[in-house]
Amino acid sequence: MSIRKILVYLTHPQVDAWNFRSEHKALLEGRISGLKVDVCLNSKDFRDRLPEAEAVMVWFFKEKWLDSAPRLKLIATPAAGNEWMEVKSREGLQVLFGGFHGSLMAESVIGAMLYFLKAFPLSAKMQAQKKWGCVKISQKLQSLHNSRVTILGFGKIGKVIAERLKPFGCSITGITRNPDQTPEFFSSSDKIITFDKWMVGDTDHLICVLPGGKETDGILKPEHFEALPKSCYFYNLGRGNIYQESDLISALETGEIAGAYLDVFGEEPLPESSLLWEMENVLLQPHISAASPPYLELFVEELAERIADYADDT
């Protein structure tokens, strides 16, 4: 695939790291010789220029727009999920999703793990109260060393999270529908199992990075939470459709699990009426586990390699 010009419409009103800037344009043009990057700042400008576009970089794309884009050969999005990409495949059109998120999401989930294990909420209370809580806090401290981590959704992102956890001394169980080659960083304590054998019980941390969609709808049942050790922490960075919020709240309230880090929800923004807001053993983030200053830089570098690979194959 030979791409000489790419039309970019990547703006976000809330997260600054998700806005395409001049430095990203310079980086992409510098990576691919002869490439011209045209940046659109609003939807009207993008739609007006779409008929001449052979490649676009966007957050979302609607199927009906293809009627006015006869020359389009490539749609690229930094997003990992396909919820905003309403495009069916057609001959001569490639749709590329970002695959770089793992390292950024690993930082978030490891930060959440340490938040719980090192009793940072108690330290924050101590600081606010100006009371030296050495005994109380020390009794709550735990370690990642020798902990058992289960990753539900052991794809590209799940594997990067696992790799980042290995230096802490964790043992990894990856759960996937389609097991492939065992990662090189695995040791004898690590394993991969399939979904049909995934009733998880013996783990200290359950990390979910499943995609959304019908296949994962309600995949976590109350019995899965019941089977977890009471000391287990739960982390969801994938999509919020994988369980009923009421089931998770019940597991947290009754002590079936120790706590939860949640970055995604069945309804977003999370309604103010949700009980999750008030739970002391829950850490909430607003679907930004991959948001970080190098976000678009990583995407541009990845996209440049992909475009070069396509050019080599043609």
# chains A, B, ... in the order shown; residues from 1 in each chain; ligands from 1
>>> residues_around(residues="A:Gln142", least_positions_apart="5", cutoff="12 Å", atoms="only C-alpha atoms", output="count of residues only")
14
>>> residues_around(residues="stretch 274-283 of chain A", least_positions_apart="5", cutoff="9 Å", atoms="only C-alpha atoms", output="list in words")
Ala112, Tyr115, Phe116, Pro121, Glu245, Ile249, Leu252, Glu253, Ala258, Gly259, Ala260, Tyr261, Leu262 and Asp263 of chain A
>>> residues_around(residues="A:Ala304", least_positions_apart="5", cutoff="7 Å", atoms="only C-alpha atoms", output="PyMOL selection string")
chain A and resi 28+31-32
>>> closest_atom_pairs(of="stretch 231-303 of chain A", to="stretch 81-87 of chain A", cutoff="12 Å", atoms="only C-alpha atoms", output="Markdown table")
| residue | atom | partner | partner_atom | distance |
| --- | --- | --- | --- | --- |
| A:Leu237 | CA | A:Gly81 | CA | 12.0 |
| A:Gly238 | CA | A:Gly81 | CA | 9.2 |
| A:Arg239 | CA | A:Gly81 | CA | 9.2 |
>>> closest_residue(among="A:Pro271, A:Pro78, A:Pro294, A:Gly111", to="A:Val95", atoms="only C-alpha atoms")
A:Pro78
>>> select_by_dssp(residues="stretch 95-195 of chain A", states="alpha helix (DSSP H)", output="ChimeraX atom specification")
/A:102-117,120-129,134-138,156-165
>>> residues_around(residues="A:Tyr243", least_positions_apart="4", cutoff="8 Å", atoms="only C-alpha atoms", output="list of chain:residue names")
A:Asp217, A:Gly218, A:Ile219, A:Leu220, A:Lys221, A:Asp247, A:Leu248
>>> select_by_dssp(residues="stretch 119-314 of chain A", states="strand (DSSP E or B)", output="ChimeraX atom specification")
/A:148-152,171-176,191-194,205-208,233-236,259-262,282-284
>>> closest_residue(among="A:Pro229, A:Pro222, A:Val264, A:His101", to="A:Gln244", atoms="only C-alpha atoms")
A:Pro222
>>> residues_around(residues="A:Ala69", least_positions_apart="3", cutoff="8 Å", atoms="only C-alpha atoms", output="VMD selection string")
chain A and resid 50 to 53 65 to 66 72
>>> write_last_selection(atoms="C-alpha atoms", output="CSV table (one decimal), in the first residue's frame")
chain,number,residue,atom,x,y,z
A,50,LEU,CA,-12.8,13.4,2.4
A,51,PRO,CA,-13.6,12.9,-1.3
A,52,GLU,CA,-9.9,13.3,-2.2
A,53,ALA,CA,-8.5,11.4,0.7
A,65,TRP,CA,-19.1,8.4,4.7
A,66,LEU,CA,-17.6,5.8,2.4
A,72,LEU,CA,-9.9,5.8,0.4
>>> atom_distance(atom1="atom CA of A:Ile207", atom2="atom CA of A:Leu152")
6.0 Å
>>> closest_residue(among="A:Thr150, A:Ser33, A:Asn19, A:Thr254", to="A:Gly174", atoms="only C-alpha atoms")
A:Thr150
>>> residues_around(residues="A:Phe97", least_positions_apart="5", cutoff="7 Å", atoms="only C-alpha atoms", output="list in words")
Ala76, Thr77, Pro78, Ala79 and Ala80 of chain A
>>> write_last_selection(atoms="N, CA, C and O atoms", output="PDB file, in the first residue's frame")
ATOM      1  N   ALA A  76      -7.153   4.649   9.797  1.00  0.00           N
ATOM      2  CA  ALA A  76      -6.349   4.310  10.969  1.00  0.00           C
ATOM      3  C   ALA A  76      -6.888   5.050  12.179  1.00  0.00           C
ATOM      4  O   ALA A  76      -7.207   6.235  12.108  1.00  0.00           O
ATOM      5  N   THR A  77      -7.008   4.342  13.291  1.00  0.00           N
ATOM      6  CA  THR A  77      -7.474   4.954  14.530  1.00  0.00           C
ATOM      7  C   THR A  77      -6.569   4.544  15.683  1.00  0.00           C
ATOM      8  O   THR A  77      -6.123   3.393  15.740  1.00  0.00           O
ATOM      9  N   PRO A  78      -6.276   5.459  16.605  1.00  0.00           N
ATOM     10  CA  PRO A  78      -5.481   5.083  17.781  1.00  0.00           C
ATOM     11  C   PRO A  78      -6.241   4.153  18.725  1.00  0.00           C
ATOM     12  O   PRO A  78      -5.625   3.468  19.543  1.00  0.00           O
ATOM     13  N   ALA A  79      -7.555   4.136  18.642  1.00  0.00           N
ATOM     14  CA  ALA A  79      -8.373   3.354  19.566  1.00  0.00           C
ATOM     15  C   ALA A  79      -8.098   1.866  19.428  1.00  0.00           C
ATOM     16  O   ALA A  79      -7.808   1.370  18.333  1.00  0.00           O
ATOM     17  N   ALA A  80      -8.193   1.153  20.545  1.00  0.00           N
ATOM     18  CA  ALA A  80      -8.009  -0.299  20.515  1.00  0.00           C
ATOM     19  C   ALA A  80      -9.320  -1.008  20.200  1.00  0.00           C
ATOM     20  O   ALA A  80      -9.325  -2.065  19.569  1.00  0.00           O
TER      21      ALA A  80
END
>>> residues_around(residues="A:His224", least_positions_apart="6", cutoff="9 Å", atoms="only C-alpha atoms", output="CSV table (one decimal) with C-alpha atoms, in the first residue's frame")
chain,number,residue,atom,x,y,z
A,199,MET,CA,-13.2,-20.8,36.7
A,200,VAL,CA,-10.6,-18.7,38.6
A,201,GLY,CA,-10.1,-19.3,42.3
